[in-house]
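Next up, coords.cif (mmCIF, C-alpha atoms):
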```cif
data_final
#
loop_
_atom_site.group_PDB
_atom_site.id
_atom_site.type_symbol
_atom_site.label_atom_id
_atom_site.label_comp_id
_atom_site.auth_asym_id
_atom_site.auth_seq_id
_atom_site.Cartn_x
_atom_site.Cartn_y
_atom_site.Cartn_z
ATOM 1 C CA GLU A 573 2.373 -2.306 7.835
ATOM 2 C CA PRO A 574 -0.433 0.136 6.941
ATOM 3 C CA GLU A 575 -2.468 -0.841 3.929
ATOM 4 C CA VAL A 576 -5.074 0.459 1.521
ATOM 5 C CA THR A 577 -8.398 -1.325 1.799
ATOM 6 C CA GLN A 578 -11.189 -1.555 -0.740
ATOM 7 C CA THR A 579 -14.798 -2.672 -0.555
ATOM 8 C CA PRO A 580 -16.490 -4.625 -1.893
ATOM 9 C CA SER A 581 -14.048 -7.182 -3.233
ATOM 10 C CA HIS A 582 -16.530 -8.135 -5.955
ATOM 11 C CA GLN A 583 -19.504 -6.187 -7.237
ATOM 12 C CA VAL A 584 -22.009 -7.521 -9.741
ATOM 13 C CA THR A 585 -24.423 -5.063 -11.283
ATOM 14 C CA GLN A 586 -26.837 -4.703 -14.157
ATOM 15 C CA MET A 587 -25.998 -2.475 -17.092
ATOM 16 C CA GLY A 588 -27.274 1.051 -16.493
ATOM 17 C CA GLN A 589 -27.076 0.831 -12.723
ATOM 18 C CA GLU A 590 -24.962 3.081 -10.553
ATOM 19 C CA VAL A 591 -22.127 1.633 -8.501
ATOM 20 C CA ILE A 592 -19.936 3.106 -5.808
ATOM 21 C CA LEU A 593 -16.561 1.586 -5.120
ATOM 22 C CA ARG A 594 -15.018 2.415 -1.786
ATOM 23 C CA CYS A 595 -11.433 2.808 -0.696
ATOM 24 C CA VAL A 596 -9.790 3.638 2.589
ATOM 25 C CA PRO A 597 -6.311 5.020 1.851
ATOM 26 C CA ILE A 598 -3.464 4.934 4.314
ATOM 27 C CA SER A 599 -4.255 7.440 7.013
ATOM 28 C CA ASN A 600 -1.475 9.994 6.594
ATOM 29 C CA HIS A 601 -1.459 9.912 2.799
ATOM 30 C CA LEU A 602 -2.521 12.943 0.823
ATOM 31 C CA TYR A 603 -2.639 11.771 -2.800
ATOM 32 C CA PHE A 604 -5.210 9.310 -4.049
ATOM 33 C CA TYR A 605 -5.641 7.470 -7.318
ATOM 34 C CA TRP A 606 -8.021 5.160 -9.134
ATOM 35 C CA TYR A 607 -6.886 2.708 -11.796
ATOM 36 C CA ARG A 608 -8.637 -0.014 -13.677
ATOM 37 C CA GLN A 609 -7.437 -3.236 -15.253
ATOM 38 C CA ILE A 610 -9.529 -5.149 -17.728
ATOM 39 C CA LEU A 611 -8.858 -8.862 -17.360
ATOM 40 C CA GLY A 612 -5.501 -9.810 -18.796
ATOM 41 C CA GLN A 613 -4.680 -6.291 -19.914
ATOM 42 C CA LYS A 614 -2.535 -3.442 -18.699
ATOM 43 C CA VAL A 615 -3.348 -1.120 -15.851
ATOM 44 C CA GLU A 616 -5.026 2.134 -16.908
ATOM 45 C CA PHE A 617 -4.905 5.379 -14.970
ATOM 46 C CA LEU A 618 -8.302 6.920 -14.286
ATOM 47 C CA VAL A 619 -7.874 9.855 -11.924
ATOM 48 C CA SER A 620 -5.692 11.454 -9.283
ATOM 49 C CA PHE A 621 -7.039 13.457 -6.347
ATOM 50 C CA TYR A 622 -5.451 15.854 -3.918
ATOM 51 C CA ASN A 623 -6.729 18.448 -1.512
ATOM 52 C CA ASN A 624 -10.349 17.529 -2.229
ATOM 53 C CA GLU A 625 -10.141 18.009 -5.933
ATOM 54 C CA ILE A 626 -9.176 16.142 -9.053
ATOM 55 C CA SER A 627 -5.552 16.751 -10.045
ATOM 56 C CA GLU A 628 -5.628 14.911 -13.322
ATOM 57 C CA LYS A 629 -7.914 12.539 -15.178
ATOM 58 C CA SER A 630 -7.553 10.325 -18.194
ATOM 59 C CA GLU A 631 -9.725 10.173 -21.276
ATOM 60 C CA ILE A 632 -11.421 7.122 -19.790
ATOM 61 C CA PHE A 633 -12.697 9.195 -16.873
ATOM 62 C CA ASP A 634 -15.686 10.738 -18.614
ATOM 63 C CA ASP A 635 -18.894 12.218 -17.212
ATOM 64 C CA GLN A 636 -20.051 8.793 -16.068
ATOM 65 C CA PHE A 637 -17.319 8.745 -13.453
ATOM 66 C CA SER A 638 -16.910 10.818 -10.331
ATOM 67 C CA VAL A 639 -14.735 10.684 -7.232
ATOM 68 C CA GLU A 640 -15.309 11.964 -3.768
ATOM 69 C CA ARG A 641 -13.697 12.035 -0.374
ATOM 70 C CA PRO A 642 -16.830 12.278 1.709
ATOM 71 C CA ASP A 643 -15.067 12.186 5.064
ATOM 72 C CA GLY A 644 -11.549 12.008 6.418
ATOM 73 C CA SER A 645 -11.020 8.380 5.579
ATOM 74 C CA ASN A 646 -12.984 7.173 2.559
ATOM 75 C CA PHE A 647 -12.274 7.791 -1.111
ATOM 76 C CA THR A 648 -14.984 6.690 -3.512
ATOM 77 C CA LEU A 649 -15.365 6.096 -7.230
ATOM 78 C CA LYS A 650 -18.876 6.347 -8.609
ATOM 79 C CA ILE A 651 -19.937 5.085 -11.999
ATOM 80 C CA ARG A 652 -23.324 6.577 -12.784
ATOM 81 C CA SER A 653 -24.660 4.308 -15.490
ATOM 82 C CA THR A 654 -22.543 1.224 -15.921
ATOM 83 C CA LYS A 655 -21.790 -0.282 -19.311
ATOM 84 C CA LEU A 656 -20.634 -3.775 -20.149
ATOM 85 C CA GLU A 657 -17.176 -2.439 -20.949
ATOM 86 C CA ASP A 658 -16.823 -1.073 -17.417
ATOM 87 C CA SER A 659 -16.285 -4.648 -16.238
ATOM 88 C CA ALA A 660 -12.765 -4.651 -14.829
ATOM 89 C CA MET A 661 -10.714 -4.725 -11.664
ATOM 90 C CA TYR A 662 -10.589 -1.299 -10.061
ATOM 91 C CA PHE A 663 -7.609 -0.445 -7.911
ATOM 92 C CA CYS A 664 -7.294 2.427 -5.488
ATOM 93 C CA ALA A 665 -3.859 3.702 -4.530
ATOM 94 C CA SER A 666 -2.472 6.340 -2.207
ATOM 95 C CA SER A 667 0.837 8.016 -1.591
ATOM 96 C CA ALA A 668 2.227 10.391 0.975
ATOM 97 C CA VAL A 669 3.606 12.718 -1.673
ATOM 98 C CA ALA A 670 2.742 13.150 -5.339
ATOM 99 C CA GLY A 671 4.092 10.225 -7.307
ATOM 100 C CA GLY A 672 6.092 8.646 -4.598
ATOM 101 C CA PRO A 673 8.371 7.565 -3.255
ATOM 102 C CA ARG A 674 5.871 4.807 -3.406
ATOM 103 C CA GLN A 675 2.227 4.287 -4.260
ATOM 104 C CA PHE A 676 0.416 1.744 -2.140
ATOM 105 C CA PHE A 677 -2.275 -0.169 -3.986
ATOM 106 C CA GLY A 678 -5.390 -1.691 -2.518
ATOM 107 C CA PRO A 679 -6.456 -5.274 -3.247
ATOM 108 C CA GLY A 680 -8.955 -4.146 -5.882
ATOM 109 C CA THR A 681 -12.680 -4.428 -6.533
ATOM 110 C CA ARG A 682 -13.761 -6.710 -9.325
ATOM 111 C CA LEU A 683 -16.708 -5.092 -11.089
ATOM 112 C CA THR A 684 -18.861 -7.291 -13.288
ATOM 113 C CA VAL A 685 -21.527 -5.586 -15.391
ATOM 114 C CA LEU A 686 -24.201 -7.906 -16.783
ATOM 115 C CA GLU B 909 -0.795 9.393 -28.399
ATOM 116 C CA LEU B 910 1.554 8.449 -25.584
ATOM 117 C CA LYS B 911 2.865 4.900 -25.805
ATOM 118 C CA VAL B 912 4.598 2.813 -23.181
ATOM 119 C CA GLU B 913 5.836 -0.426 -24.634
ATOM 120 C CA GLN B 914 7.452 -3.313 -22.882
ATOM 121 C CA ASN B 915 9.277 -6.200 -24.367
ATOM 122 C CA PRO B 916 9.137 -8.987 -24.258
ATOM 123 C CA LEU B 917 5.457 -9.459 -23.464
ATOM 124 C CA PHE B 918 6.073 -13.025 -22.353
ATOM 125 C CA LEU B 919 9.296 -14.395 -20.963
ATOM 126 C CA SER B 920 10.023 -17.930 -19.930
ATOM 127 C CA MET B 921 13.430 -18.459 -18.404
ATOM 128 C CA GLN B 922 15.248 -21.097 -16.435
ATOM 129 C CA GLU B 923 16.300 -20.639 -12.868
ATOM 130 C CA GLY B 924 19.764 -19.206 -12.556
ATOM 131 C CA LYS B 925 19.678 -17.296 -15.827
ATOM 132 C CA ASN B 926 19.872 -13.555 -16.383
ATOM 133 C CA TYR B 927 17.535 -11.488 -18.489
ATOM 134 C CA THR B 928 16.439 -7.901 -19.116
ATOM 135 C CA ILE B 929 12.963 -6.468 -19.601
ATOM 136 C CA TYR B 930 12.753 -3.242 -21.580
ATOM 137 C CA CYS B 931 10.331 -0.365 -21.220
ATOM 138 C CA ASN B 932 10.226 2.265 -23.966
ATOM 139 C CA TYR B 933 8.062 5.334 -23.763
ATOM 140 C CA SER B 934 7.202 8.065 -26.217
ATOM 141 C CA THR B 935 6.966 11.191 -24.067
ATOM 142 C CA THR B 936 9.343 13.342 -22.070
ATOM 143 C CA SER B 937 9.475 12.149 -18.491
ATOM 144 C CA ASP B 938 12.137 11.686 -15.862
ATOM 145 C CA ARG B 939 10.052 9.609 -13.481
ATOM 146 C CA LEU B 940 9.379 5.948 -13.984
ATOM 147 C CA TYR B 941 8.043 3.186 -11.777
ATOM 148 C CA TRP B 942 8.216 -0.588 -11.820
ATOM 149 C CA TYR B 943 5.519 -2.795 -10.325
ATOM 150 C CA ARG B 944 5.021 -6.491 -9.812
ATOM 151 C CA GLN B 945 1.641 -8.197 -10.036
ATOM 152 C CA ASP B 946 1.014 -11.801 -9.037
ATOM 153 C CA PRO B 947 -1.961 -13.550 -10.665
ATOM 154 C CA GLY B 948 -5.247 -12.286 -9.264
ATOM 155 C CA LYS B 949 -3.464 -9.885 -6.937
ATOM 156 C CA SER B 950 -2.847 -6.192 -6.630
ATOM 157 C CA LEU B 951 0.257 -4.264 -7.653
ATOM 158 C CA GLU B 952 3.371 -4.107 -5.548
ATOM 159 C CA SER B 953 5.726 -1.191 -5.984
ATOM 160 C CA LEU B 954 9.273 -2.324 -6.806
ATOM 161 C CA PHE B 955 11.238 0.727 -7.871
ATOM 162 C CA VAL B 956 10.817 4.457 -8.264
ATOM 163 C CA LEU B 957 13.294 6.073 -10.664
ATOM 164 C CA LEU B 958 13.278 9.826 -10.428
ATOM 165 C CA SER B 959 16.082 11.082 -12.645
ATOM 166 C CA ASN B 960 18.184 10.310 -15.667
ATOM 167 C CA GLY B 961 20.766 7.688 -14.888
ATOM 168 C CA ALA B 962 18.954 6.467 -11.774
ATOM 169 C CA VAL B 963 19.725 2.899 -10.839
ATOM 170 C CA LYS B 964 18.005 0.975 -8.082
ATOM 171 C CA GLN B 965 18.643 -2.582 -6.953
ATOM 172 C CA GLU B 966 16.849 -4.923 -4.633
ATOM 173 C CA GLY B 967 17.765 -8.552 -4.410
ATOM 174 C CA ARG B 968 17.922 -10.094 -7.858
ATOM 175 C CA LEU B 969 16.265 -7.134 -9.576
ATOM 176 C CA MET B 970 17.918 -3.978 -10.820
ATOM 177 C CA ALA B 971 16.166 -1.117 -12.580
ATOM 178 C CA SER B 972 17.669 1.770 -14.513
ATOM 179 C CA LEU B 973 16.418 4.823 -16.342
ATOM 180 C CA ASP B 974 17.782 6.618 -19.400
ATOM 181 C CA THR B 975 15.520 9.593 -19.978
ATOM 182 C CA LYS B 976 17.327 10.683 -23.129
ATOM 183 C CA ALA B 977 16.669 7.332 -24.771
ATOM 184 C CA ARG B 978 13.250 7.164 -23.091
ATOM 185 C CA LEU B 979 14.145 3.711 -21.909
ATOM 186 C CA SER B 980 14.054 1.872 -18.631
ATOM 187 C CA THR B 981 15.327 -1.628 -18.011
ATOM 188 C CA LEU B 982 14.572 -4.199 -15.365
ATOM 189 C CA HIS B 983 17.409 -6.681 -15.111
ATOM 190 C CA ILE B 984 16.948 -10.055 -13.483
ATOM 191 C CA THR B 985 20.010 -11.794 -12.130
ATOM 192 C CA ALA B 986 20.073 -15.533 -11.427
ATOM 193 C CA ALA B 987 16.319 -15.909 -11.639
ATOM 194 C CA VAL B 988 14.429 -17.949 -9.075
ATOM 195 C CA HIS B 989 10.905 -19.359 -9.290
ATOM 196 C CA ASP B 990 9.576 -16.789 -6.805
ATOM 197 C CA LEU B 991 10.161 -14.047 -9.376
ATOM 198 C CA SER B 992 7.428 -15.463 -11.608
ATOM 199 C CA ALA B 993 4.869 -12.658 -12.000
ATOM 200 C CA THR B 994 3.825 -9.898 -14.387
ATOM 201 C CA TYR B 995 5.995 -6.795 -14.323
ATOM 202 C CA PHE B 996 4.702 -3.385 -15.349
ATOM 203 C CA CYS B 997 6.538 -0.145 -15.914
ATOM 204 C CA ALA B 998 4.640 3.123 -15.554
ATOM 205 C CA VAL B 999 5.624 6.583 -16.737
ATOM 206 C CA ASP B 1000 4.769 9.642 -14.698
ATOM 207 C CA VAL B 1001 3.747 12.391 -17.094
ATOM 208 C CA ASN B 1002 2.575 15.040 -14.662
ATOM 209 C CA THR B 1003 4.756 15.014 -11.542
ATOM 210 C CA GLY B 1004 2.880 12.382 -9.664
ATOM 211 C CA ASN B 1005 -0.547 13.195 -10.995
ATOM 212 C CA GLN B 1006 -0.894 11.075 -14.114
ATOM 213 C CA PHE B 1007 0.587 7.735 -15.053
ATOM 214 C CA TYR B 1008 0.714 5.581 -18.144
ATOM 215 C CA PHE B 1009 1.401 1.888 -17.712
ATOM 216 C CA GLY B 1010 3.260 -0.384 -20.043
ATOM 217 C CA THR B 1011 1.785 -3.480 -21.607
ATOM 218 C CA GLY B 1012 3.280 -5.738 -18.950
ATOM 219 C CA THR B 1013 5.797 -8.586 -19.153
ATOM 220 C CA SER B 1014 4.630 -11.967 -17.932
ATOM 221 C CA LEU B 1015 7.645 -13.750 -16.486
ATOM 222 C CA THR B 1016 7.734 -17.463 -15.808
ATOM 223 C CA VAL B 1017 10.821 -18.914 -14.172
ATOM 224 C CA ILE B 1018 11.141 -22.623 -14.735
ATOM 225 C CA PRO B 1019 12.869 -24.702 -12.057
#
```
Would you put the structure from the file into structure tokens?
Amino acid sequence: EPEVTQTPSHQVTQMGQEVILRCVPISNHLYFYWYRQILGQKVEFLVSFYNNEISEKSEIFDDQFSVERPDGSNFTLKIRSTKLEDSAMYFCASSAVAGGPRQFFGPGTRLTVL
Amino acid sequence: ELKVEQNPLFLSMQEGKNYTIYCNYSTTSDRLYWYRQDPGKSLESLFVLLSNGAVKQEGRLMASLDTKARLSTLHITAAVHDLSATYFCAVDVNTGNQFYFGTGTSLTVIP
């Protein structure tokens, strides 16, 4: 079965550094999403992306965050100047159509900010 | 502020028993999703409910949606240990472009 992949699986960075989290969505999918989950807490929506632009973003997704689809396969989340509170698991997801019938989630990248 | 609340937050049940998890939300939406998450793992899509009165069933799990009451339920029938996981509901507030997740229900099925 096709799957969403994410790299790296774990990223450790110093506060104030920039990080780029990478995702390869399923190849024929058109809608892409980033979520985060702080350890032991609920999943939080960050941003949705379609047709090379942001469709919607949450209040968490401030100017420190950006997304890009630099080529036909990758979908990236950049955090410009990381803070301690950015430490979380970041999940990428994709779907063939908006909202369904099913979103496929990647395995996640655990970001640790020291 | 939009709220998506699940209850219970923690559920411990014996194998063979039935139980229902509730998901209440505070905004108008007719699209709701259920996910399963095993410890340290990603999310697995279980159900997509796209209209009022929608009911979906797979195996021992059945999900329903009442958009007028702003309530979705996930019913577990004759629980087995393999169902132990955390279950999240998520409300679609912008036709597939923005989602709010519930607090999660951590289910433990005891043999």
- Task: Point out the residue among A:Ala665, A:Thr681, A:Arg652, A:Arg674 with the least atom-to-atom distance to B:Arg939, counting only C-alpha atoms.
- Result: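 Closest candidate: A:Arg674.
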Near-B:Thr1011 list (12 Å; all atoms listed in the file; drop same-chain fewer than 3 positions) as a PDB file with C-alpha atoms, in the coordinates of the input:
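Written out: part.pdb:
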```pdb
ATOM      1  CA  GLN A 609      -7.437  -3.236 -15.253  1.00  0.00           C
ATOM      2  CA  GLY A 612      -5.501  -9.810 -18.796  1.00  0.00           C
ATOM      3  CA  GLN A 613      -4.680  -6.291 -19.914  1.00  0.00           C
ATOM      4  CA  LYS A 614      -2.535  -3.442 -18.699  1.00  0.00           C
ATOM      5  CA  VAL A 615      -3.348  -1.120 -15.851  1.00  0.00           C
ATOM      6  CA  GLU A 616      -5.026   2.134 -16.908  1.00  0.00           C
TER       7      GLU A 616
ATOM      8  CA  LYS B 911       2.865   4.900 -25.805  1.00  0.00           C
ATOM      9  CA  VAL B 912       4.598   2.813 -23.181  1.00  0.00           C
ATOM     10  CA  GLU B 913       5.836  -0.426 -24.634  1.00  0.00           C
ATOM     11  CA  GLN B 914       7.452  -3.313 -22.882  1.00  0.00           C
ATOM     12  CA  ASN B 915       9.277  -6.200 -24.367  1.00  0.00           C
ATOM     13  CA  PRO B 916       9.137  -8.987 -24.258  1.00  0.00           C
ATOM     14  CA  LEU B 917       5.457  -9.459 -23.464  1.00  0.00           C
ATOM     15  CA  PHE B 918       6.073 -13.025 -22.353  1.00  0.00           C
ATOM     16  CA  ILE B 929      12.963  -6.468 -19.601  1.00  0.00           C
ATOM     17  CA  TYR B 930      12.753  -3.242 -21.580  1.00  0.00           C
ATOM     18  CA  CYS B 931      10.331  -0.365 -21.220  1.00  0.00           C
ATOM     19  CA  ASN B 932      10.226   2.265 -23.966  1.00  0.00           C
ATOM     20  CA  TYR B 933       8.062   5.334 -23.763  1.00  0.00           C
ATOM     21  CA  TYR B 943       5.519  -2.795 -10.325  1.00  0.00           C
ATOM     22  CA  THR B 994       3.825  -9.898 -14.387  1.00  0.00           C
ATOM     23  CA  TYR B 995       5.995  -6.795 -14.323  1.00  0.00           C
ATOM     24  CA  PHE B 996       4.702  -3.385 -15.349  1.00  0.00           C
ATOM     25  CA  CYS B 997       6.538  -0.145 -15.914  1.00  0.00           C
ATOM     26  CA  ALA B 998       4.640   3.123 -15.554  1.00  0.00           C
ATOM     27  CA  VAL B 999       5.624   6.583 -16.737  1.00  0.00           C
ATOM     28  CA  TYR B1008       0.714   5.581 -18.144  1.00  0.00           C
ATOM     29  CA  SER B1014       4.630 -11.967 -17.932  1.00  0.00           C
TER      30      SER B1014
END
```
- Query: In Å, how far is it from atom CA of B:Ser950 to atom CA of A:Ser638?
  - Reply: 22.4 Å
- Message: I need the residue nearest B:Thr1013 from this list: B:Asp1000, B:Glu966, B:Asp946, B:Asp990. Use only C-alpha atoms for the distance.
- Response: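 Comparing B:Asp1000, B:Glu966, B:Asp946, B:Asp990 against B:Thr1013, the winner is B:Asp946.
Take the PyMOL selection byres ((chain A and resi 653-659) around 8) and apply it to this file: it picks A:Gln586, A:Met587, A:Gly588, A:Gln589, A:Glu590, A:Val591, A:Ile610, A:Gln636, A:Ile651, A:Arg652, A:Ala660, A:Met661, A:Arg682, A:Leu683, A:Thr684, A:Val685, A:Leu686.
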Check which residues of chain B sit at most 7 Å from chain A using all atoms listed in the file, and return one row each with the closest pair of atoms and their distance in Å to one decimal, ordered by chain and rising number, as CSV.
```
residue,atom,partner,partner_atom,distance
B:Lys949,CA,A:Pro679,CA,6.6
B:Ser950,CA,A:Pro679,CA,5.0
B:Leu951,CA,A:Phe677,CA,6.1
B:Ser953,CA,A:Arg674,CA,6.5
B:Val956,CA,A:Pro673,CA,6.4
B:Thr1003,CA,A:Gly671,CA,6.4
B:Gly1004,CA,A:Gly671,CA,3.4
B:Asn1005,CA,A:Ser620,CA,5.7
B:Gln1006,CA,A:Glu628,CA,6.1
B:Phe1007,CA,A:Phe617,CA,6.0
B:Tyr1008,CA,A:Phe617,CA,6.5
B:Phe1009,CA,A:Val615,CA,5.9
B:Gly1010,CA,A:Lys614,CA,6.7
B:Thr1011,CA,A:Lys614,CA,5.2
B:Gly1012,CA,A:Lys614,CA,6.3
```
Quick one: which residues end up in the PyMOL selection byres ((chain B and resi 976) around 12) for this structure, as a compact mmCIF listing (two decimals) with C-alpha atoms, in the frame of the given file?
```txt
# COMPACT_ATOMS: atom_id res chain seq x y z
CA ASN B 932 10.23 2.26 -23.97
CA TYR B 933 8.06 5.33 -23.76
CA SER B 934 7.20 8.06 -26.22
CA THR B 935 6.97 11.19 -24.07
CA THR B 936 9.34 13.34 -22.07
CA SER B 937 9.48 12.15 -18.49
CA ASP B 938 12.14 11.69 -15.86
CA SER B 959 16.08 11.08 -12.64
CA ASN B 960 18.18 10.31 -15.67
CA GLY B 961 20.77 7.69 -14.89
CA LEU B 973 16.42 4.82 -16.34
CA ASP B 974 17.78 6.62 -19.40
CA THR B 975 15.52 9.59 -19.98
CA ALA B 977 16.67 7.33 -24.77
CA ARG B 978 13.25 7.16 -23.09
CA LEU B 979 14.14 3.71 -21.91
CA SER B 980 14.05 1.87 -18.63
```
- Query: atom CA of B:Ser972 and atom CA of B:Thr985 are how many Å apart?
  - Reply: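 These two atoms are separated by 14.0 Å.
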- Item | Proximity to A:Leu593 - best of A:Thr579, A:Ser645, A:Glu573, A:Phe633, all atoms listed in the file |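 For A:Leu593, the nearest of the given residues is A:Thr579.
Residue selection for this entry, given the PyMOL selection byres ((chain A and resi 599) around 12), comprises Glu573, Pro574, Glu575, Val576, Thr577, Cys595, Val596, Pro597, Ile598, Asn600, His601, Leu602, Tyr603, Phe604, Asp643, Gly644, Ser645, Asn646, Phe647, Ser666, Ser667, Ala668 and Phe676 of chain A.
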- May I ask for the distance between atom CA of A:Leu649 and atom CA of B:Gly948, given in Å to one decimal place?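 Atom CA of B:Gly948 lies at a distance of 21.1 Å from atom CA of A:Leu649.
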Model the absent atoms of stretch 919-927 of chain B so that all heavy atoms are present, and write the result as an mmCIF file, keeping the file's coordinate frame.
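Result file follows (part-v6.cif):
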```
data_model
loop_
_atom_site.group_PDB
_atom_site.id
_atom_site.type_symbol
_atom_site.label_atom_id
_atom_site.label_comp_id
_atom_site.auth_asym_id
_atom_site.auth_seq_id
_atom_site.Cartn_x
_atom_site.Cartn_y
_atom_site.Cartn_z
ATOM 1 N N LEU B 919 7.918 -13.956 -21.140
ATOM 2 C CA LEU B 919 9.296 -14.395 -20.963
ATOM 3 C C LEU B 919 9.304 -15.649 -20.113
ATOM 4 O O LEU B 919 8.800 -15.649 -18.988
ATOM 5 C CB LEU B 919 10.104 -13.285 -20.271
ATOM 6 C CG LEU B 919 11.537 -13.591 -19.868
ATOM 7 C CD1 LEU B 919 12.344 -14.049 -21.073
ATOM 8 C CD2 LEU B 919 12.163 -12.361 -19.226
ATOM 9 N N SER B 920 9.877 -16.694 -20.668
ATOM 10 C CA SER B 920 10.023 -17.930 -19.930
ATOM 11 C C SER B 920 11.519 -18.183 -19.803
ATOM 12 O O SER B 920 12.223 -18.218 -20.819
ATOM 13 C CB SER B 920 9.349 -19.083 -20.679
ATOM 14 O OG SER B 920 9.489 -20.281 -19.977
ATOM 15 N N MET B 921 11.993 -18.293 -18.582
ATOM 16 C CA MET B 921 13.430 -18.459 -18.404
ATOM 17 C C MET B 921 13.711 -19.495 -17.330
ATOM 18 O O MET B 921 12.876 -19.728 -16.435
ATOM 19 C CB MET B 921 14.099 -17.133 -18.060
ATOM 20 C CG MET B 921 13.563 -16.449 -16.832
ATOM 21 S SD MET B 921 14.170 -14.754 -16.633
ATOM 22 C CE MET B 921 15.917 -15.001 -16.400
ATOM 23 N N GLN B 922 14.871 -20.071 -17.403
ATOM 24 C CA GLN B 922 15.248 -21.097 -16.435
ATOM 25 C C GLN B 922 15.832 -20.445 -15.195
ATOM 26 O O GLN B 922 16.422 -19.355 -15.258
ATOM 27 C CB GLN B 922 16.267 -22.044 -17.052
ATOM 28 C CG GLN B 922 15.644 -23.000 -18.070
ATOM 29 C CD GLN B 922 16.610 -24.092 -18.433
ATOM 30 O OE1 GLN B 922 17.760 -23.818 -18.781
ATOM 31 N NE2 GLN B 922 16.152 -25.329 -18.368
ATOM 32 N N GLU B 923 15.676 -21.105 -14.105
ATOM 33 C CA GLU B 923 16.300 -20.639 -12.868
ATOM 34 C C GLU B 923 17.804 -20.480 -13.088
ATOM 35 O O GLU B 923 18.441 -21.279 -13.790
ATOM 36 C CB GLU B 923 16.048 -21.635 -11.733
ATOM 37 C CG GLU B 923 14.691 -21.448 -11.075
ATOM 38 C CD GLU B 923 14.557 -22.224 -9.773
ATOM 39 O OE1 GLU B 923 15.233 -23.265 -9.645
ATOM 40 O OE2 GLU B 923 13.780 -21.799 -8.912
ATOM 41 N N GLY B 924 18.315 -19.439 -12.486
ATOM 42 C CA GLY B 924 19.764 -19.206 -12.556
ATOM 43 C C GLY B 924 20.200 -18.337 -13.714
ATOM 44 O O GLY B 924 21.346 -17.864 -13.740
ATOM 45 N N LYS B 925 19.306 -18.105 -14.667
ATOM 46 C CA LYS B 925 19.678 -17.296 -15.827
ATOM 47 C C LYS B 925 19.433 -15.813 -15.581
ATOM 48 O O LYS B 925 18.683 -15.430 -14.674
ATOM 49 C CB LYS B 925 18.873 -17.748 -17.052
ATOM 50 C CG LYS B 925 19.122 -19.189 -17.458
ATOM 51 C CD LYS B 925 20.516 -19.388 -17.978
ATOM 52 C CE LYS B 925 20.690 -20.794 -18.545
ATOM 53 N NZ LYS B 925 22.073 -21.034 -18.997
ATOM 54 N N ASN B 926 20.042 -15.006 -16.435
ATOM 55 C CA ASN B 926 19.872 -13.555 -16.383
ATOM 56 C C ASN B 926 19.039 -13.107 -17.574
ATOM 57 O O ASN B 926 19.121 -13.707 -18.654
ATOM 58 C CB ASN B 926 21.220 -12.849 -16.444
ATOM 59 C CG ASN B 926 22.168 -13.302 -15.353
ATOM 60 O OD1 ASN B 926 21.731 -13.718 -14.289
ATOM 61 N ND2 ASN B 926 23.453 -13.234 -15.623
ATOM 62 N N TYR B 927 18.295 -12.033 -17.368
ATOM 63 C CA TYR B 927 17.535 -11.488 -18.489
ATOM 64 C C TYR B 927 17.158 -10.049 -18.183
ATOM 65 O O TYR B 927 17.173 -9.626 -17.031
ATOM 66 C CB TYR B 927 16.268 -12.317 -18.769
ATOM 67 C CG TYR B 927 15.856 -12.241 -20.215
ATOM 68 C CD1 TYR B 927 16.432 -13.087 -21.168
ATOM 69 C CD2 TYR B 927 14.904 -11.329 -20.649
ATOM 70 C CE1 TYR B 927 16.070 -13.013 -22.499
ATOM 71 C CE2 TYR B 927 14.540 -11.248 -21.975
ATOM 72 C CZ TYR B 927 15.125 -12.089 -22.895
ATOM 73 O OH TYR B 927 14.765 -12.015 -24.213
#
```
